[in-house]
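Everything below belongs to protein_2.cif, which stores mmCIF, C-alpha atoms.
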```cif
data_my_file
loop_
_atom_site.label_atom_id
_atom_site.label_comp_id
_atom_site.auth_asym_id
_atom_site.auth_seq_id
_atom_site.Cartn_x
_atom_site.Cartn_y
_atom_site.Cartn_z
CA MET A 1 11.78 6.33 16.72
CA THR A 2 13.08 6.17 13.13
CA ARG A 3 11.02 8.18 10.68
CA PRO A 4 8.64 5.84 8.83
CA ARG A 5 9.22 5.05 5.17
CA VAL A 6 6.72 6.71 2.85
CA LYS A 7 4.93 5.02 -0.04
CA ILE A 8 3.13 7.29 -2.49
CA CYS A 9 0.29 5.41 -4.12
CA CYS A 10 -1.88 5.93 -7.22
CA ILE A 11 1.14 6.90 -9.36
CA SER A 12 -0.16 7.40 -12.90
CA SER A 13 2.87 8.42 -14.99
CA VAL A 14 6.67 8.31 -15.21
CA ASN A 15 6.67 11.99 -14.24
CA GLU A 16 4.60 11.38 -11.10
CA ALA A 17 6.97 8.59 -10.08
CA SER A 18 9.93 10.96 -10.49
CA ILE A 19 8.20 13.67 -8.44
CA ALA A 20 7.35 11.26 -5.61
CA ILE A 21 10.89 9.89 -5.47
CA ALA A 22 12.45 13.37 -5.61
CA HIS A 23 10.45 14.38 -2.54
CA GLY A 24 11.55 11.34 -0.54
CA ALA A 25 9.27 8.41 -1.33
CA SER A 26 10.78 5.02 -0.51
CA ALA A 27 8.14 3.23 -2.58
CA ILE A 28 5.48 3.93 -5.17
CA GLY A 29 2.12 2.23 -5.63
CA LEU A 30 0.82 1.31 -9.09
CA VAL A 31 -2.87 0.46 -9.10
CA GLY A 32 -4.15 -2.31 -11.35
CA ASN A 33 -7.79 -2.97 -12.17
CA MET A 34 -10.06 -2.35 -9.14
CA PRO A 35 -13.81 -2.48 -8.51
CA SER A 36 -13.63 1.08 -7.11
CA GLY A 37 -11.22 3.77 -6.00
CA PRO A 38 -8.71 6.14 -7.62
CA GLY A 39 -5.49 5.72 -9.55
CA VAL A 40 -6.23 2.72 -11.75
CA ILE A 41 -3.90 2.45 -14.75
CA GLY A 42 -3.28 -0.23 -17.37
CA ASP A 43 -0.72 -2.98 -16.96
CA GLU A 44 1.37 -1.71 -19.87
CA LEU A 45 1.75 1.66 -18.15
CA ILE A 46 2.52 0.00 -14.79
CA ASN A 47 5.33 -1.92 -16.48
CA LYS A 48 6.63 1.22 -18.19
CA ILE A 49 6.72 3.19 -14.93
CA ALA A 50 8.28 0.33 -12.95
CA LYS A 51 11.15 0.10 -15.45
CA THR A 52 12.11 3.73 -14.79
CA VAL A 53 12.28 3.46 -10.98
CA PRO A 54 15.83 3.13 -9.56
CA PRO A 55 16.55 -0.06 -7.58
CA PRO A 56 16.55 1.39 -4.04
CA ILE A 57 12.89 2.40 -4.51
CA SER A 58 10.24 -0.31 -4.21
CA THR A 59 7.49 -0.62 -6.81
CA PHE A 60 4.18 -2.05 -5.57
CA LEU A 61 1.63 -3.62 -7.90
CA LEU A 62 -1.81 -3.25 -6.30
CA THR A 63 -3.84 -6.21 -7.50
CA SER A 64 -7.46 -7.06 -6.71
CA GLU A 65 -7.06 -10.61 -7.99
CA THR A 66 -7.85 -13.23 -5.35
CA LYS A 67 -6.65 -16.44 -7.02
CA PRO A 68 -2.90 -17.17 -6.79
CA GLN A 69 -2.46 -18.03 -10.47
CA GLU A 70 -4.23 -14.85 -11.55
CA ILE A 71 -1.99 -12.78 -9.25
CA ILE A 72 1.06 -14.48 -10.75
CA SER A 73 -0.20 -13.76 -14.28
CA HIS A 74 -0.88 -10.13 -13.33
CA TYR A 75 2.63 -9.76 -11.93
CA LYS A 76 4.22 -11.20 -15.08
CA ARG A 77 2.62 -8.42 -17.11
CA VAL A 78 4.15 -5.66 -14.96
CA HIS A 79 7.31 -6.89 -13.16
CA THR A 80 7.26 -4.75 -10.03
CA SER A 81 9.42 -5.51 -6.98
CA THR A 82 6.43 -6.09 -4.71
CA ILE A 83 2.86 -7.37 -4.96
CA GLN A 84 0.26 -5.68 -2.76
CA ILE A 85 -2.77 -7.96 -2.47
CA VAL A 86 -5.73 -5.75 -1.65
CA ASP A 87 -8.39 -8.44 -1.17
CA ALA A 88 -8.41 -11.79 0.64
CA LEU A 89 -6.25 -14.39 -1.11
CA GLU A 90 -8.15 -17.57 -1.92
CA ASN A 91 -7.24 -20.36 0.52
CA LYS A 92 -4.37 -18.19 1.87
CA ALA A 93 -2.26 -19.78 -0.88
CA TYR A 94 0.76 -17.48 -0.50
CA GLU A 95 3.21 -20.37 -0.91
CA LEU A 96 1.97 -20.97 -4.46
CA ILE A 97 2.91 -17.39 -5.32
CA ARG A 98 6.26 -17.63 -3.52
CA LYS A 99 7.16 -20.82 -5.35
CA GLU A 100 6.52 -19.18 -8.72
CA LEU A 101 7.92 -15.73 -7.81
CA PRO A 102 10.58 -16.36 -5.13
CA CYS A 103 12.21 -12.92 -5.36
CA VAL A 104 9.01 -10.86 -5.15
CA LYS A 105 7.88 -9.40 -1.84
CA LEU A 106 4.27 -10.02 -0.78
CA VAL A 107 2.29 -7.40 1.11
CA GLN A 108 -1.23 -8.19 2.29
CA VAL A 109 -3.75 -5.42 2.85
CA ILE A 110 -5.99 -5.75 5.89
CA HIS A 111 -8.98 -3.43 5.93
CA VAL A 112 -9.31 -2.44 9.58
CA ILE A 113 -12.96 -2.71 10.57
CA ASP A 114 -13.17 -4.50 13.93
CA ASP A 115 -11.49 -7.09 16.18
CA ASN A 116 -11.79 -9.67 13.41
CA SER A 117 -9.38 -7.53 11.39
CA VAL A 118 -6.85 -7.81 14.21
CA ARG A 119 -7.09 -11.59 14.27
CA GLU A 120 -6.85 -11.78 10.49
CA ALA A 121 -3.74 -9.60 10.41
CA ILE A 122 -1.98 -11.63 13.10
CA GLU A 123 -2.72 -14.90 11.31
CA ILE A 124 -1.62 -13.69 7.87
CA SER A 125 1.53 -12.01 9.20
CA ASN A 126 3.15 -15.45 9.34
CA LEU A 127 2.69 -15.86 5.58
CA VAL A 128 3.73 -12.53 4.02
CA ASP A 129 6.57 -9.99 4.08
CA ALA A 130 4.54 -7.03 5.34
CA ILE A 131 1.03 -6.04 6.35
CA LEU A 132 -0.64 -2.84 5.11
CA LEU A 133 -3.58 -1.53 7.13
CA ASP A 134 -6.17 0.44 5.18
CA SER A 135 -9.70 1.79 5.60
CA GLY A 136 -11.63 -0.03 2.89
CA ASN A 137 -14.50 -2.47 3.22
CA PRO A 138 -14.38 -5.61 1.08
CA ASN A 139 -17.79 -6.68 2.43
CA LEU A 140 -19.76 -4.07 0.45
CA ALA A 141 -21.65 -4.91 -2.73
CA VAL A 142 -19.04 -2.89 -4.63
CA LYS A 143 -15.88 -3.66 -2.72
CA GLU A 144 -13.84 -0.79 -1.28
CA LEU A 145 -10.25 -1.99 -1.53
CA GLY A 146 -8.39 1.24 -0.83
CA GLY A 147 -8.17 4.90 -1.77
CA THR A 148 -11.08 5.91 0.46
CA GLY A 149 -9.36 8.90 2.07
CA ARG A 150 -10.83 7.82 5.43
CA ILE A 151 -8.97 7.05 8.62
CA HIS A 152 -9.82 3.96 10.66
CA ASN A 153 -9.44 3.06 14.33
CA TRP A 154 -5.72 3.51 14.96
CA GLU A 155 -6.01 1.75 18.32
CA LEU A 156 -6.81 -1.44 16.40
CA SER A 157 -3.84 -0.73 14.12
CA LYS A 158 -1.64 -0.29 17.18
CA GLU A 159 -2.82 -3.63 18.54
CA ILE A 160 -1.92 -5.30 15.26
CA ARG A 161 1.51 -3.66 15.12
CA LYS A 162 2.32 -4.82 18.65
CA SER A 163 1.23 -8.38 17.82
CA ILE A 164 3.19 -9.03 14.63
CA SER A 165 6.90 -9.33 13.87
CA ILE A 166 6.95 -8.09 10.26
CA PRO A 167 6.85 -4.52 8.90
CA LEU A 168 3.51 -2.73 9.04
CA PHE A 169 2.40 0.05 6.68
CA LEU A 170 -0.39 2.40 7.71
CA ALA A 171 -2.78 3.84 5.12
CA GLY A 172 -6.15 5.56 5.15
CA GLY A 173 -6.77 9.30 5.32
CA LEU A 174 -3.24 10.31 6.30
CA ASN A 175 -2.31 13.96 5.76
CA LYS A 176 0.14 16.54 7.09
CA ASN A 177 -2.22 17.49 9.92
CA ASN A 178 -2.83 14.04 11.39
CA VAL A 179 0.23 12.06 10.39
CA ASN A 180 2.24 12.69 13.55
CA GLN A 181 -0.66 11.56 15.71
CA ALA A 182 -0.86 8.44 13.55
CA ILE A 183 2.87 7.81 13.94
CA ASP A 184 2.74 8.35 17.72
CA THR A 185 -0.24 6.01 18.09
CA VAL A 186 0.65 3.17 15.74
CA GLN A 187 4.44 3.49 15.28
CA PRO A 188 4.32 1.93 11.81
CA PHE A 189 7.28 0.91 9.66
CA GLY A 190 5.80 2.82 6.74
CA LEU A 191 3.08 5.27 5.71
CA ASP A 192 0.99 4.98 2.56
CA LEU A 193 -0.90 7.90 1.03
CA CYS A 194 -2.66 8.93 -2.13
CA SER A 195 -5.40 11.59 -2.11
CA SER A 196 -3.91 13.97 0.48
CA VAL A 197 -0.93 14.81 -1.75
CA ARG A 198 -3.01 15.41 -4.88
CA THR A 199 -4.91 18.34 -6.38
CA ASP A 200 -7.60 17.51 -8.94
CA GLY A 201 -6.22 13.99 -9.03
CA LYS A 202 -2.68 15.06 -9.92
CA LEU A 203 0.34 14.68 -7.65
CA ASP A 204 1.03 18.05 -6.04
CA SER A 205 4.65 18.95 -5.26
CA GLN A 206 3.67 21.51 -2.62
CA LYS A 207 1.47 19.02 -0.80
CA LEU A 208 4.25 16.42 -0.95
CA LYS A 209 6.69 18.96 0.45
CA GLY A 210 4.28 19.81 3.26
CA PHE A 211 3.75 16.16 4.15
CA PHE A 212 7.44 15.31 4.29
CA LYS A 213 8.14 18.47 6.30
CA ALA A 214 5.47 17.44 8.80
CA ILE A 215 7.04 14.05 9.50
CA GLU A 216 10.53 15.53 9.87
CA ASN A 217 9.47 17.55 12.92
#
```
Can you give me the file's structure in the form of structure tokens?
Amino acid sequence: MTRPRVKICCISSVNEASIAIAHGASAIGLVGNMPSGPGVIGDELINKIAKTVPPPISTFLLTSETKPQEIISHYKRVHTSTIQIVDALENKAYELIRKELPCVKLVQVIHVIDDNSVREAIEISNLVDAILLDSGNPNLAVKELGGTGRIHNWELSKEIRKSISIPLFLAGGLNKNNVNQAIDTVQPFGLDLCSSVRTDGKLDSQKLKGFFKAIEN
């Protein structure tokens, strides 16, 4: 199996983006306004960081907006290569976004909770460019839309991966000690991580090195 691509999320500065890319990241995640979770930065900074990233590397805007026009407006303030929609899109109106932003990739986050998550992922996979499976819970009073540091049921993730024809990213509690089990179980296209490669909230080169070494074995 080809080694999965790695997306480093919660990037908070130009320097962090450079560090992630130098260690082998294929993509970086830039977190817009969220109801909870780590890594939130302002749109001006997201735009500044995105401008410095070389073209082979994907830049993901994480947006918690749920209305298509608000997602489009958010994107136009930051100009990343990809939009990662972390909550349910109102009326599944992906085509409205595609019509306005035809060159931007759309990635939908599915928070893996139960069998309903599997059905949701399969249905939405026909409308987006990739699915990202995470361990949040949008049903809570204060929505968890990522960055929890928890793993979820990888057997459900495996079921989703086997049932869809587009790339699948796996997120949620991945670290150097469990990542190979995750890869063996789910066989994702990509991995997405944040907290496990940080110390006191800052990107840690040694932890990045350890993670990339683990997935090379």
Once the PyMOL selection byres ((chain A and resi 40-46) around 8) has been applied to the shown file, what residues remain in the selection, as a count of residues only?
18
Can you measure atom CA of A:Glu123 to atom CA of A:Asp192 for me? One decimal in Å is fine.
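Between atom CA of A:Glu123 and atom CA of A:Asp192 the gap works out to 22.0 Å.
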Can you list, as a list of chain:residue names, every protein, DNA or RNA residue that comes within 10 Å of A:Leu106 when you count all atoms listed in the file, leaving out same-chain residues fewer than 6 positions away?
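That gives A:Phe60, A:Leu61, A:Ser81, A:Thr82, A:Ile83, A:Gln84, A:Ile85, A:Tyr94, A:Ile97, A:Arg98, A:Leu127, A:Val128, A:Asp129, A:Ala130, A:Ile131.
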Rounded to one decimal place, report the atom CA of A:Val86-atom CA of A:Ser64 distance in Å.
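Interatomic distance here is 5.5 Å.
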Please evaluate the PyMOL selection byres ((chain A and resi 71) around 10) against the displayed coordinates and give the resulting residues as a short mmCIF file (atom, residue, chain, number, x, y, z; two decimals) with C-alpha atoms, keeping the file's coordinate frame.
```cif
data_model
loop_
_atom_site.label_atom_id
_atom_site.label_comp_id
_atom_site.auth_asym_id
_atom_site.auth_seq_id
_atom_site.Cartn_x
_atom_site.Cartn_y
_atom_site.Cartn_z
CA LEU A 61 1.63 -3.62 -7.90
CA LEU A 62 -1.81 -3.25 -6.30
CA THR A 63 -3.84 -6.21 -7.50
CA SER A 64 -7.46 -7.06 -6.71
CA GLU A 65 -7.06 -10.61 -7.99
CA THR A 66 -7.85 -13.23 -5.35
CA LYS A 67 -6.65 -16.44 -7.02
CA PRO A 68 -2.90 -17.17 -6.79
CA GLN A 69 -2.46 -18.03 -10.47
CA GLU A 70 -4.23 -14.85 -11.55
CA ILE A 72 1.06 -14.48 -10.75
CA SER A 73 -0.20 -13.76 -14.28
CA HIS A 74 -0.88 -10.13 -13.33
CA TYR A 75 2.63 -9.76 -11.93
CA LYS A 76 4.22 -11.20 -15.08
CA ILE A 83 2.86 -7.37 -4.96
CA GLN A 84 0.26 -5.68 -2.76
CA ILE A 85 -2.77 -7.96 -2.47
CA LEU A 89 -6.25 -14.39 -1.11
CA ILE A 97 2.91 -17.39 -5.32
#
```
